[in-house]
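What's in final-v5.cif: mmCIF, C-alpha atoms
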data_input
#
loop_
_atom_site.label_atom_id
_atom_site.label_comp_id
_atom_site.auth_asym_id
_atom_site.auth_seq_id
_atom_site.Cartn_x
_atom_site.Cartn_y
_atom_site.Cartn_z
CA MET A 1 -76.74 -30.70 15.08
CA ARG A 2 -79.58 -31.19 12.64
CA GLU A 3 -79.15 -31.42 8.90
CA VAL A 4 -81.75 -30.68 6.24
CA ILE A 5 -82.26 -33.46 3.70
CA ALA A 6 -83.17 -31.80 0.42
CA ALA A 7 -85.68 -33.25 -2.01
CA PRO A 8 -83.77 -35.71 -4.24
CA LEU A 9 -86.05 -34.85 -7.16
CA PRO A 10 -87.90 -31.59 -7.75
CA GLY A 11 -91.36 -33.12 -7.43
CA LEU A 12 -90.65 -34.05 -3.83
CA ASP A 13 -90.15 -30.43 -2.82
CA LEU A 14 -93.62 -29.86 -1.40
CA ARG A 15 -92.66 -26.39 -0.31
CA ALA A 16 -91.89 -25.31 -3.86
CA HIS A 17 -95.04 -26.91 -5.25
CA TYR A 18 -97.57 -26.42 -2.48
CA GLY A 19 -96.08 -23.86 -0.14
CA HIS A 20 -95.88 -26.34 2.73
CA TYR A 21 -93.50 -24.68 5.17
CA GLN A 22 -91.40 -27.76 5.90
CA SER A 23 -88.21 -29.49 4.84
CA PRO A 24 -88.50 -32.90 3.17
CA ALA A 25 -86.58 -34.53 6.01
CA ILE A 26 -84.24 -33.70 8.84
CA ARG A 27 -81.34 -35.83 10.04
CA ALA A 28 -80.42 -35.55 13.71
CA GLY A 29 -79.06 -37.85 16.36
CA GLY A 30 -78.70 -40.78 13.98
CA LEU A 31 -82.34 -40.60 12.90
CA ILE A 32 -84.12 -39.21 9.84
CA PHE A 33 -87.43 -37.48 10.49
CA CYS A 34 -89.48 -37.26 7.29
CA SER A 35 -92.28 -34.85 6.57
CA GLY A 36 -95.60 -36.51 5.80
CA MET A 37 -95.26 -38.32 2.48
CA ILE A 38 -98.06 -37.82 -0.03
CA PRO A 39 -98.55 -39.33 -3.49
CA VAL A 40 -97.03 -36.81 -5.87
CA ASP A 41 -95.11 -37.36 -9.09
CA PRO A 42 -91.45 -37.19 -7.99
CA HIS A 43 -90.49 -35.21 -11.09
CA THR A 44 -93.37 -32.82 -11.55
CA GLY A 45 -94.88 -32.69 -8.09
CA GLU A 46 -98.32 -33.31 -9.52
CA ARG A 47 -100.78 -34.97 -7.20
CA GLN A 48 -101.38 -38.61 -8.07
CA HIS A 49 -104.83 -39.35 -6.69
CA GLY A 50 -105.98 -42.92 -7.11
CA THR A 51 -106.92 -45.89 -5.03
CA LEU A 52 -105.30 -46.36 -1.66
CA THR A 53 -103.13 -49.00 -3.29
CA SER A 54 -101.95 -46.85 -6.17
CA GLU A 55 -101.31 -43.89 -3.86
CA ALA A 56 -99.33 -46.14 -1.51
CA HIS A 57 -97.12 -47.34 -4.38
CA VAL A 58 -96.31 -43.73 -5.30
CA ILE A 59 -95.59 -42.84 -1.69
CA PHE A 60 -93.29 -45.78 -1.10
CA GLY A 61 -91.45 -45.06 -4.34
CA ASN A 62 -90.90 -41.48 -3.20
CA LEU A 63 -89.91 -42.56 0.28
CA LYS A 64 -87.34 -45.00 -1.13
CA LEU A 65 -85.83 -42.18 -3.22
CA LEU A 66 -85.76 -39.80 -0.26
CA LEU A 67 -84.24 -42.25 2.22
CA GLU A 68 -81.66 -43.57 -0.22
CA SER A 69 -80.58 -40.04 -1.11
CA ALA A 70 -79.94 -39.56 2.60
CA GLY A 71 -77.88 -42.74 2.93
CA SER A 72 -80.70 -44.75 4.48
CA SER A 73 -83.27 -47.18 3.06
CA LEU A 74 -86.72 -48.67 3.58
CA ASP A 75 -85.00 -51.45 5.55
CA ARG A 76 -83.87 -48.82 8.05
CA LEU A 77 -87.38 -47.58 8.82
CA VAL A 78 -87.90 -47.42 12.57
CA GLN A 79 -91.44 -46.10 13.04
CA VAL A 80 -94.32 -45.45 10.69
CA HIS A 81 -97.59 -43.67 11.24
CA ALA A 82 -99.75 -44.92 8.40
CA LEU A 83 -102.51 -42.35 7.93
CA ILE A 84 -105.52 -43.68 6.05
CA TYR A 85 -108.71 -41.81 5.30
CA ASP A 86 -111.02 -44.60 6.52
CA SER A 87 -110.28 -47.65 8.61
CA ILE A 88 -112.29 -49.78 6.23
CA GLU A 89 -109.19 -49.81 4.01
CA TYR A 90 -107.03 -51.43 6.67
CA ASP A 91 -106.64 -54.74 4.83
CA VAL A 92 -105.93 -52.94 1.57
CA LEU A 93 -103.26 -50.92 3.36
CA ASN A 94 -101.64 -54.06 4.72
CA ARG A 95 -101.59 -55.78 1.36
CA VAL A 96 -99.64 -53.00 -0.34
CA TYR A 97 -97.59 -51.98 2.70
CA ARG A 98 -96.17 -55.44 3.27
CA GLN A 99 -94.63 -55.43 -0.19
CA TYR A 100 -92.24 -52.69 0.86
CA VAL A 101 -91.25 -53.76 4.36
CA ALA A 102 -90.65 -57.49 3.85
CA ASN A 103 -87.10 -57.33 5.25
CA GLY A 104 -87.80 -56.60 8.88
CA PRO A 105 -90.73 -54.16 9.05
CA PRO A 106 -90.66 -51.19 11.40
CA ALA A 107 -92.96 -50.39 14.30
CA ARG A 108 -96.26 -49.01 13.06
CA THR A 109 -99.39 -47.29 14.25
CA VAL A 110 -102.29 -46.75 11.88
CA TRP A 111 -104.11 -43.43 12.18
CA THR A 112 -107.46 -42.87 10.53
CA ALA A 113 -107.27 -39.17 9.81
CA GLN A 114 -108.27 -36.43 7.45
CA ILE A 115 -105.46 -36.15 4.92
CA GLU A 116 -104.59 -33.20 2.72
CA ALA A 117 -106.08 -32.87 -0.73
CA GLY A 118 -108.37 -35.81 -0.09
CA PHE A 119 -105.59 -38.34 -0.40
CA LYS A 120 -106.40 -41.78 0.86
CA ILE A 121 -103.04 -42.41 2.48
CA GLN A 122 -100.09 -40.52 3.90
CA LEU A 123 -96.99 -41.92 5.59
CA ASP A 124 -95.28 -40.20 8.50
CA VAL A 125 -91.98 -41.95 9.14
CA ILE A 126 -88.79 -41.99 11.12
CA ALA A 127 -85.84 -43.96 9.77
CA ALA A 128 -82.38 -44.69 11.04
CA ALA A 129 -79.67 -42.76 9.26
CA MET B 1 -74.18 -45.52 30.29
CA SER B 2 -77.92 -45.13 29.81
CA LEU B 3 -79.49 -42.16 28.07
CA GLN B 4 -80.58 -39.35 30.33
CA ARG B 5 -84.27 -38.78 30.94
CA GLN B 6 -85.27 -35.44 32.41
CA VAL B 7 -88.49 -33.51 32.83
CA ILE B 8 -87.99 -29.83 32.01
CA ALA B 9 -90.25 -27.48 33.92
CA PRO B 10 -91.99 -24.74 31.94
CA PRO B 11 -90.52 -21.29 32.67
CA VAL B 12 -93.85 -19.84 33.81
CA PRO B 13 -96.80 -21.67 35.39
CA GLY B 14 -99.22 -20.61 32.64
CA LEU B 15 -97.28 -22.71 30.14
CA ASP B 16 -97.73 -25.80 32.28
CA ALA B 17 -100.96 -26.94 30.70
CA ALA B 18 -100.54 -30.30 32.41
CA ARG B 19 -100.90 -28.54 35.73
CA SER B 20 -103.62 -26.10 34.60
CA PHE B 21 -105.78 -28.90 33.26
CA ALA B 22 -104.71 -31.56 35.78
CA GLN B 23 -103.39 -33.89 33.12
CA PRO B 24 -100.77 -36.56 33.80
CA MET B 25 -98.07 -35.43 31.41
CA SER B 26 -94.95 -33.31 31.39
CA MET B 27 -94.80 -30.48 28.89
CA VAL B 28 -91.20 -31.13 27.87
CA VAL B 29 -89.16 -34.27 28.45
CA ARG B 30 -85.55 -34.76 27.50
CA GLY B 31 -84.57 -38.25 26.34
CA GLY B 32 -80.94 -38.54 25.31
CA GLU B 33 -80.19 -35.73 22.93
CA PHE B 34 -83.81 -35.06 22.01
CA LEU B 35 -86.53 -32.97 23.61
CA PHE B 36 -90.09 -34.23 23.27
CA VAL B 37 -92.77 -31.58 23.61
CA SER B 38 -96.34 -32.62 24.48
CA GLY B 39 -99.19 -31.65 22.18
CA LEU B 40 -99.72 -27.95 22.82
CA THR B 41 -102.98 -26.05 22.63
CA ALA B 42 -103.49 -22.29 22.79
CA VAL B 43 -103.18 -21.10 26.38
CA ASP B 44 -102.32 -17.78 28.00
CA PRO B 45 -98.73 -18.15 29.23
CA GLN B 46 -99.46 -16.05 32.32
CA THR B 47 -102.82 -17.39 33.46
CA GLY B 48 -102.82 -20.82 31.82
CA GLU B 49 -106.37 -20.23 30.57
CA ARG B 50 -107.44 -21.61 27.24
CA ILE B 51 -107.42 -18.96 24.52
CA ARG B 52 -110.00 -19.70 21.88
CA GLY B 53 -109.76 -18.15 18.45
CA THR B 54 -109.31 -19.06 14.84
CA THR B 55 -106.97 -21.82 13.74
CA MET B 56 -104.57 -19.07 12.73
CA SER B 57 -104.64 -17.21 16.04
CA GLU B 58 -104.41 -20.44 18.04
CA THR B 59 -101.41 -21.54 15.94
CA ASP B 60 -99.79 -18.18 16.56
CA ARG B 61 -100.27 -18.48 20.31
CA ILE B 62 -99.06 -22.10 20.39
CA LEU B 63 -95.87 -21.31 18.49
CA ALA B 64 -95.15 -18.33 20.76
CA ASN B 65 -95.55 -20.62 23.77
CA LEU B 66 -93.44 -23.32 22.12
CA LYS B 67 -90.61 -20.83 21.69
CA LEU B 68 -90.65 -20.12 25.42
CA LEU B 69 -90.74 -23.83 26.32
CA LEU B 70 -87.85 -24.66 23.99
CA GLU B 71 -85.72 -21.79 25.21
CA ALA B 72 -86.29 -22.78 28.83
CA ALA B 73 -84.93 -26.21 27.88
CA GLY B 74 -81.84 -24.69 26.27
CA SER B 75 -83.17 -25.32 22.78
CA SER B 76 -84.71 -23.13 20.08
CA PHE B 77 -86.83 -23.12 16.94
CA ASP B 78 -83.80 -23.82 14.77
CA LYS B 79 -83.19 -27.06 16.67
CA VAL B 80 -86.67 -28.41 16.03
CA VAL B 81 -86.41 -31.52 13.86
CA LYS B 82 -90.03 -32.58 13.48
CA VAL B 83 -93.46 -31.08 14.08
CA ASN B 84 -96.78 -32.91 14.07
CA VAL B 85 -99.84 -30.71 13.64
CA LEU B 86 -103.37 -31.89 14.30
CA VAL B 87 -106.08 -29.57 13.00
CA HIS B 88 -109.81 -29.88 13.54
CA SER B 89 -110.29 -29.52 9.78
CA MET B 90 -107.81 -29.80 6.94
CA LEU B 91 -109.57 -26.81 5.34
CA GLU B 92 -107.66 -24.80 7.95
CA ALA B 93 -104.24 -26.24 7.05
CA PRO B 94 -103.25 -23.32 4.79
CA ASN B 95 -104.00 -20.83 7.57
CA MET B 96 -101.93 -22.84 10.02
CA ASN B 97 -99.16 -23.06 7.43
CA GLU B 98 -99.13 -19.29 6.95
CA VAL B 99 -98.34 -18.81 10.62
CA PHE B 100 -95.51 -21.34 10.44
CA ALA B 101 -93.99 -19.51 7.49
CA ARG B 102 -94.09 -16.27 9.46
CA VAL B 103 -92.75 -17.65 12.74
CA PHE B 104 -90.31 -20.50 12.08
CA PRO B 105 -86.85 -19.50 10.89
CA GLU B 106 -85.29 -21.00 7.78
CA PRO B 107 -84.82 -23.84 7.10
CA PRO B 108 -88.00 -25.29 8.56
CA PRO B 109 -88.24 -28.64 10.35
CA ALA B 110 -89.91 -31.71 8.90
CA ARG B 111 -93.67 -31.68 9.47
CA THR B 112 -96.78 -33.80 9.15
CA VAL B 113 -100.27 -32.32 9.26
CA CYS B 114 -103.57 -34.15 9.53
CA GLY B 115 -107.15 -33.60 10.60
CA ALA B 116 -108.46 -35.25 13.74
CA ARG B 117 -110.94 -34.80 16.58
CA LEU B 118 -109.32 -32.60 19.17
CA PRO B 119 -110.07 -32.23 22.86
CA ASP B 120 -112.10 -29.42 24.38
CA GLY B 121 -113.03 -27.79 21.08
CA VAL B 122 -109.52 -26.60 20.30
CA LYS B 123 -108.84 -25.95 16.65
CA VAL B 124 -105.22 -27.02 16.52
CA MET B 125 -102.74 -29.02 18.56
CA ILE B 126 -98.99 -29.05 17.91
CA GLU B 127 -96.31 -31.39 19.21
CA CYS B 128 -92.66 -31.46 18.31
CA THR B 129 -89.29 -33.09 18.69
CA ALA B 130 -86.19 -30.94 18.98
CA LEU B 131 -82.53 -31.34 19.70
CA ALA B 132 -81.67 -30.45 23.27
CA MET C 1 -69.81 -39.61 9.19
CA THR C 2 -71.00 -40.88 12.58
CA GLU C 3 -71.50 -44.57 13.17
CA LYS C 4 -74.95 -45.87 12.24
CA LEU C 5 -77.21 -46.74 15.15
CA SER C 6 -77.97 -50.42 15.49
CA ARG C 7 -81.55 -51.45 14.73
CA SER C 8 -83.29 -54.54 16.11
CA THR C 9 -86.78 -55.88 16.69
CA ILE C 10 -88.27 -56.17 20.16
CA GLN C 11 -90.75 -58.85 21.14
CA PRO C 12 -93.01 -59.22 24.16
CA LYS C 13 -92.14 -62.10 26.49
CA ASN C 14 -95.82 -63.01 26.40
CA PRO C 15 -96.42 -64.23 22.83
CA VAL C 16 -100.15 -63.56 23.18
CA LEU C 17 -99.30 -59.86 23.05
CA ASN C 18 -97.38 -60.24 19.82
CA VAL C 19 -100.27 -59.09 17.70
CA SER C 20 -97.95 -58.43 14.76
CA ARG C 21 -97.10 -62.12 14.60
CA SER C 22 -100.39 -63.68 15.61
CA ALA C 23 -102.33 -61.60 13.12
CA ASN C 24 -99.59 -61.81 10.49
CA LEU C 25 -99.34 -58.06 10.16
CA PRO C 26 -96.54 -56.18 8.40
CA HIS C 27 -95.11 -54.61 11.50
CA VAL C 28 -93.25 -55.60 14.63
CA PRO C 29 -94.18 -54.92 18.25
CA GLY C 30 -91.35 -52.47 18.49
CA ILE C 31 -87.96 -51.41 17.20
CA ARG C 32 -84.89 -50.68 19.23
CA ILE C 33 -82.65 -48.11 17.55
CA GLY C 34 -79.60 -47.18 19.55
CA ASP C 35 -81.00 -46.86 23.05
CA TYR C 36 -84.46 -45.73 21.95
CA LEU C 37 -87.48 -48.03 21.83
CA PHE C 38 -90.23 -47.17 19.38
CA LEU C 39 -93.29 -49.27 20.20
CA SER C 40 -96.10 -49.95 17.76
CA GLY C 41 -99.49 -48.74 18.93
CA MET C 42 -101.09 -51.13 21.38
CA GLY C 43 -104.73 -51.73 22.22
CA PRO C 44 -106.78 -53.52 24.88
CA THR C 45 -105.65 -57.02 23.91
CA ASP C 46 -106.33 -59.54 26.65
CA PRO C 47 -102.89 -60.90 27.67
CA ASN C 48 -104.37 -64.33 28.39
CA THR C 49 -106.78 -64.93 25.52
CA GLY C 50 -105.52 -62.54 22.86
CA GLY C 51 -109.07 -61.28 22.46
CA ARG C 52 -109.96 -57.62 22.68
CA ASN C 53 -111.12 -56.40 26.06
CA HIS C 54 -113.85 -53.94 25.33
CA GLY C 55 -115.98 -52.41 28.03
CA PRO C 56 -115.60 -49.17 29.98
CA ILE C 57 -112.82 -47.01 28.63
CA GLY C 58 -111.04 -46.99 31.98
CA GLU C 59 -110.62 -50.74 31.82
CA GLN C 60 -109.51 -50.62 28.19
CA VAL C 61 -106.86 -48.05 29.09
CA ARG C 62 -105.75 -50.19 32.01
CA THR C 63 -105.41 -53.30 29.85
CA THR C 64 -103.57 -51.35 27.17
CA LEU C 65 -101.11 -49.74 29.58
CA ASN C 66 -100.45 -53.04 31.27
CA ASN C 67 -99.61 -54.40 27.83
CA VAL C 68 -97.33 -51.43 27.19
CA LYS C 69 -95.64 -52.06 30.55
CA HIS C 70 -95.09 -55.68 29.61
CA MET C 71 -93.63 -54.75 26.23
CA LEU C 72 -91.27 -52.23 27.76
CA GLU C 73 -90.07 -54.64 30.42
CA SER C 74 -89.58 -57.36 27.82
CA ALA C 75 -87.27 -54.97 26.00
CA GLY C 76 -85.15 -53.87 28.95
CA SER C 77 -87.08 -50.71 29.72
CA SER C 78 -89.93 -49.62 31.97
CA LEU C 79 -92.77 -47.12 32.31
CA GLU C 80 -90.38 -44.75 34.11
CA ARG C 81 -88.23 -44.59 30.99
CA VAL C 82 -91.03 -43.57 28.65
CA VAL C 83 -90.41 -40.12 27.20
CA LYS C 84 -93.29 -39.66 24.77
CA VAL C 85 -96.79 -41.10 24.41
CA HIS C 86 -99.54 -40.83 21.81
CA VAL C 87 -103.00 -41.68 23.10
CA VAL C 88 -105.75 -42.04 20.53
CA LEU C 89 -109.32 -42.40 21.77
CA ALA C 90 -112.28 -43.45 19.65
CA ASP C 91 -114.41 -41.00 21.64
CA ILE C 92 -112.98 -37.64 22.64
CA SER C 93 -115.34 -37.43 25.61
CA HIS C 94 -113.40 -40.29 27.22
CA MET C 95 -110.41 -38.06 27.88
CA ASP C 96 -111.03 -37.50 31.60
CA GLU C 97 -111.69 -41.15 32.28
CA MET C 98 -108.57 -42.09 30.34
CA ASP C 99 -106.56 -39.60 32.44
CA ARG C 100 -107.88 -41.13 35.65
CA VAL C 101 -106.41 -44.51 34.82
CA TYR C 102 -103.39 -43.23 32.89
CA ARG C 103 -102.10 -41.30 35.86
CA GLU C 104 -101.85 -44.53 37.87
CA PHE C 105 -99.22 -45.76 35.43
CA PHE C 106 -97.24 -42.53 35.32
CA PRO C 107 -97.58 -41.10 38.84
CA VAL C 108 -94.33 -39.16 38.92
CA ASN C 109 -92.53 -37.17 36.20
CA PRO C 110 -94.86 -38.45 33.48
CA PRO C 111 -93.74 -38.52 29.85
CA ALA C 112 -94.66 -35.92 27.26
CA ARG C 113 -98.01 -36.79 25.69
CA THR C 114 -100.36 -35.90 22.89
CA ALA C 115 -103.90 -37.22 23.13
CA TRP C 116 -106.68 -36.89 20.59
CA SER C 117 -109.50 -38.84 18.95
CA MET C 118 -109.74 -40.73 15.71
CA GLN C 119 -111.72 -43.61 14.30
CA LEU C 120 -110.20 -46.84 15.67
CA ARG C 121 -110.50 -50.36 14.32
CA PHE C 122 -111.97 -53.46 15.90
CA GLY C 123 -114.22 -51.46 18.20
CA ASN C 124 -111.23 -50.51 20.35
CA GLY C 125 -111.72 -47.53 22.60
CA CYS C 126 -108.07 -46.59 22.75
CA GLU C 127 -104.70 -47.07 21.12
CA ILE C 128 -101.49 -46.11 22.86
CA GLU C 129 -98.07 -45.73 21.28
CA CYS C 130 -94.91 -44.79 23.08
CA LEU C 131 -91.24 -44.00 22.80
CA ALA C 132 -88.95 -45.01 25.63
CA LEU C 133 -85.30 -45.20 26.58
CA VAL C 134 -83.78 -48.52 27.49
CA ASP C 135 -82.75 -48.80 31.13
#
Here is the file; what I need is its structure written in the form of structure tokens.
Amino acid sequence: MREVIAAPLPGLDLRAHYGHYQSPAIRAGGLIFCSGMIPVDPHTGERQHGTLTSEAHVIFGNLKLLLESAGSSLDRLVQVHALIYDSIEYDVLNRVYRQYVANGPPARTVWTAQIEAGFKIQLDVIAAA
Amino acid sequence: MSLQRQVIAPPVPGLDAARSFAQPMSMVVRGGEFLFVSGLTAVDPQTGERIRGTTMSETDRILANLKLLLEAAGSSFDKVVKVNVLVHSMLEAPNMNEVFARVFPEPPPARTVCGARLPDGVKVMIECTALA
Amino acid sequence: MTEKLSRSTIQPKNPVLNVSRSANLPHVPGIRIGDYLFLSGMGPTDPNTGGRNHGPIGEQVRTTLNNVKHMLESAGSSLERVVKVHVVLADISHMDEMDRVYREFFPVNPPARTAWSMQLRFGNGCEIECLALVD
């Protein structure tokens, strides 16, 4: 069956803060499906707009917290959709992204998409439990 | 023993958008213990015709159709693990979200929403992964 | 608690198609987790030169899907074992032409698919990502 992974810190509960009708993550079949990760303060839930780099740091910090609370880790990432607001930031994305996936990065596809609240980056990930 | 792969036929022809629009895809495919549902757009489940409306009404129609597809595959809304929503404009995300809150039982699946260019002028497209 | 699925990296037999490595990018061509294969998005990379094969979208889709086929076969899978595909086109009006070629690769019991348009890098007309089961 599937299991809801609750937000490990209150700021990561996007439903409570923004009304997004979603769970932070779901574990099923040995995988963890995460809702799109956005740069919010993990304690307060406040949006942390910045550069793509600064937003990515916040997102990865939150993702690390979420996965570790679920018994997983960044090293267990399987697939990432890296959403960026403009493909011109591709190299910037890579520079910050590589800092977090040095130990055996996952599969990745980069999507240039319109992201909520005008954020420059969002991560949509699946990890192994 | 290798994981089972199986195409699950939609319960009524109108839900088979692949057939209606002559597209090379299957609406629902089982792979191991997961069901993978193709990106759905708003169609009439009886006639298969595209139903154009607001983002909200299209979302409503899509989720109603999704329910039928999942149930035909022996699954259900409460077995959905992840939803990906593509909207033609993120300004419409709250409207789409409102429909989700009305239609999906608690607790909701994981979800990612983004804005993209969608085919044939549709306002929203929804794909999901569920447990079989 | 159930046993954790084993995770490993998959590589194409043809190193020219290992764009992750050749371009020193922070990803891998694909990950095997349990008996699932998650492939990174692939584009119209020429399997001989490593350059990008631009030109009519039909040919770009053909090159890309041939690359996907190669990746799957390198990893002990095949097109018939694909369960889910994401097709991203730079130009939404290319959908029909993409379908025309795509259906050659998945003639029977095709996988689930979501196809849409976004800005793509490097002037690529398409990017295709898939999830498959090992044989």
Q) What does the PyMOL selection byres ((chain C) within 6 of (chain B)) select in this file, as a ChimeraX atom specification? A) /C:103,110-114,116-118
Q | Residue among C:Gln119, C:Ile31, C:Asn67, C:Val101 lying closest to A:Leu83, counting all atoms listed in the file | A | C:Gln119
Q: Pull out every residue that the PyMOL selection byres ((chain B) within 10 of (chain A)) matches in the shown coordinates and put them as JSON, numbers by chain.
A: {"B": [32, 33, 34, 78, 79, 80, 81, 82, 83, 84, 86, 87, 88, 89, 90, 91, 93, 94, 96, 97, 98, 99, 100, 101, 102, 104, 106, 107, 108, 109, 110, 111, 112, 113, 114, 115, 116, 117, 129, 130, 131, 132]}
So that each row is one residue of chain A with an atom at most 6 Å from chain C, can you give its shortest atom pair and the distance in Å to one decimal, using all atoms listed in the file, rows by chain and rising number, as a Markdown table?
| residue | atom | partner | partner_atom | distance |
| --- | --- | --- | --- | --- |
| A:Arg98 | CA | C:Pro26 | CA | 5.2 |
| A:Pro105 | CA | C:His27 | CA | 5.0 |
| A:Pro106 | CA | C:His27 | CA | 5.6 |
| A:Ala107 | CA | C:Ser40 | CA | 4.7 |
| A:Arg108 | CA | C:Ser40 | CA | 4.8 |
| A:Thr109 | CA | C:Gly41 | CA | 4.9 |
| A:Thr112 | CA | C:Gln119 | CA | 5.7 |
(Q) Can you measure atom CA of C:Asn18 to atom CA of A:Gln99 for me? One decimal in Å is fine. (A) 20.8 Å
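Of the residues under consideration (C:Ser22, C:Thr64, C:Ser77, C:Asn109), C:Thr64 shows the shortest atom-to-atom contact distance to C:Asp46 when counting all atoms listed in the file.
Excluding C:Ile57 and any residue on its chain fewer than 3 positions from it, the residues at most 10 Å away by all atoms listed in the file are C:Pro44, C:Asn53, C:His54, C:Gln60, C:Val61, C:Arg62, C:Thr63, C:Leu89, C:Ala90, C:Asp91, C:His94, C:Met95, C:Glu97, C:Met98, C:Val101, C:Asn124, C:Gly125, C:Cys126.
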Atoms to include: C-alpha atoms. Write the selected residues as a PDB file, keeping the file's coordinate frame.
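To be explicit, this is the file written out as selection35.pdb:
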ATOM      1  CA  PRO C  44    -106.780 -53.520  24.880  1.00  0.00           C
ATOM      2  CA  ASN C  53    -111.120 -56.400  26.060  1.00  0.00           C
ATOM      3  CA  HIS C  54    -113.850 -53.940  25.330  1.00  0.00           C
ATOM      4  CA  GLN C  60    -109.510 -50.620  28.190  1.00  0.00           C
ATOM      5  CA  VAL C  61    -106.860 -48.050  29.090  1.00  0.00           C
ATOM      6  CA  ARG C  62    -105.750 -50.190  32.010  1.00  0.00           C
ATOM      7  CA  THR C  63    -105.410 -53.300  29.850  1.00  0.00           C
ATOM      8  CA  LEU C  89    -109.320 -42.400  21.770  1.00  0.00           C
ATOM      9  CA  ALA C  90    -112.280 -43.450  19.650  1.00  0.00           C
ATOM     10  CA  ASP C  91    -114.410 -41.000  21.640  1.00  0.00           C
ATOM     11  CA  HIS C  94    -113.400 -40.290  27.220  1.00  0.00           C
ATOM     12  CA  MET C  95    -110.410 -38.060  27.880  1.00  0.00           C
ATOM     13  CA  GLU C  97    -111.690 -41.150  32.280  1.00  0.00           C
ATOM     14  CA  MET C  98    -108.570 -42.090  30.340  1.00  0.00           C
ATOM     15  CA  VAL C 101    -106.410 -44.510  34.820  1.00  0.00           C
ATOM     16  CA  ASN C 124    -111.230 -50.510  20.350  1.00  0.00           C
ATOM     17  CA  GLY C 125    -111.720 -47.530  22.600  1.00  0.00           C
ATOM     18  CA  CYS C 126    -108.070 -46.590  22.750  1.00  0.00           C
TER      19      CYS C 126
END
Q: Could you tell me which residues the PyMOL selection byres ((chain A and resi 11) around 9) returns for this structure, as JSON, numbers by chain?
A: {"A": [7, 8, 9, 10, 12, 13, 14, 16, 17, 40, 41, 42, 43, 44, 45, 46]}
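Here atom CA of A:Ser69 is placed at a distance of 26.0 Å from atom CA of A:Asn94.
Between C:Gly43 and the candidates A:Ala128, A:Val96, A:Val110, A:Ala56, the tightest atom-to-atom separation, counting only C-alpha atoms, involves A:Val110.
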Q: For C:Lys69, list every protein, DNA or RNA residue within 10 Å, evaluated using only C-alpha atoms, and leave out those in the same chain fewer than 6 positions away; present the list as number ranges by chain.
A: C: 12, 63, 75, 77-80, 82, 105
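Computed from the coordinates, the atom CA of B:Ser75 to atom CA of C:Lys84 distance equals 17.7 Å.
For the choices C:Glu59, C:Asp99, C:Val87, C:Tyr36, the atom-to-atom distance to C:Val134 is smallest for C:Tyr36 when using all atoms listed in the file.
Proximity to B:Glu49 was assessed for B:Val85, B:Val103, B:Ala17, B:Val12 counting all atoms listed in the file; the smallest distance is recorded for B:Ala17.
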Q | Nearest residue to A:Ser54 from the set A:Ala127, A:Ile121, A:Ala82, A:Leu74 (distances using all atoms listed in the file) | A | A:Ile121
For stretch 36-46 of chain B of the block above, can you save N, CA and C atoms as a PDB file, in the first residue's frame?
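Once everything was written out, this is out_16.pdb:
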ATOM      1  N   PHE B  36       0.555   3.347 -14.783  1.00  0.00           N
ATOM      2  CA  PHE B  36       0.984   4.621 -15.343  1.00  0.00           C
ATOM      3  C   PHE B  36      -0.114   5.101 -16.279  1.00  0.00           C
ATOM      4  N   VAL B  37      -0.655   6.270 -15.966  1.00  0.00           N
ATOM      5  CA  VAL B  37      -1.747   6.824 -16.761  1.00  0.00           C
ATOM      6  C   VAL B  37      -1.208   7.930 -17.655  1.00  0.00           C
ATOM      7  N   SER B  38      -1.499   7.847 -18.938  1.00  0.00           N
ATOM      8  CA  SER B  38      -1.069   8.875 -19.908  1.00  0.00           C
ATOM      9  C   SER B  38      -1.645  10.236 -19.541  1.00  0.00           C
ATOM     10  N   GLY B  39      -1.011  11.285 -20.042  1.00  0.00           N
ATOM     11  CA  GLY B  39      -1.530  12.636 -19.829  1.00  0.00           C
ATOM     12  C   GLY B  39      -2.951  12.737 -20.367  1.00  0.00           C
ATOM     13  N   LEU B  40      -3.877  13.074 -19.495  1.00  0.00           N
ATOM     14  CA  LEU B  40      -5.284  13.141 -19.872  1.00  0.00           C
ATOM     15  C   LEU B  40      -5.704  14.568 -20.146  1.00  0.00           C
ATOM     16  N   THR B  41      -6.549  14.727 -21.156  1.00  0.00           N
ATOM     17  CA  THR B  41      -7.179  16.016 -21.423  1.00  0.00           C
ATOM     18  C   THR B  41      -8.687  15.812 -21.317  1.00  0.00           C
ATOM     19  N   ALA B  42      -9.438  16.911 -21.315  1.00  0.00           N
ATOM     20  CA  ALA B  42     -10.876  16.809 -21.082  1.00  0.00           C
ATOM     21  C   ALA B  42     -11.597  16.274 -22.326  1.00  0.00           C
ATOM     22  N   VAL B  43     -12.136  15.078 -22.193  1.00  0.00           N
ATOM     23  CA  VAL B  43     -12.908  14.484 -23.289  1.00  0.00           C
ATOM     24  C   VAL B  43     -14.214  13.928 -22.751  1.00  0.00           C
ATOM     25  N   ASP B  44     -15.212  13.851 -23.613  1.00  0.00           N
ATOM     26  CA  ASP B  44     -16.492  13.254 -23.244  1.00  0.00           C
ATOM     27  C   ASP B  44     -16.307  11.739 -23.187  1.00  0.00           C
ATOM     28  N   PRO B  45     -16.597  11.118 -22.053  1.00  0.00           N
ATOM     29  CA  PRO B  45     -16.324   9.681 -21.926  1.00  0.00           C
ATOM     30  C   PRO B  45     -17.192   8.821 -22.848  1.00  0.00           C
ATOM     31  N   GLN B  46     -18.294   9.360 -23.327  1.00  0.00           N
ATOM     32  CA  GLN B  46     -19.150   8.588 -24.241  1.00  0.00           C
ATOM     33  C   GLN B  46     -18.719   8.760 -25.680  1.00  0.00           C
TER      34      GLN B  46
END
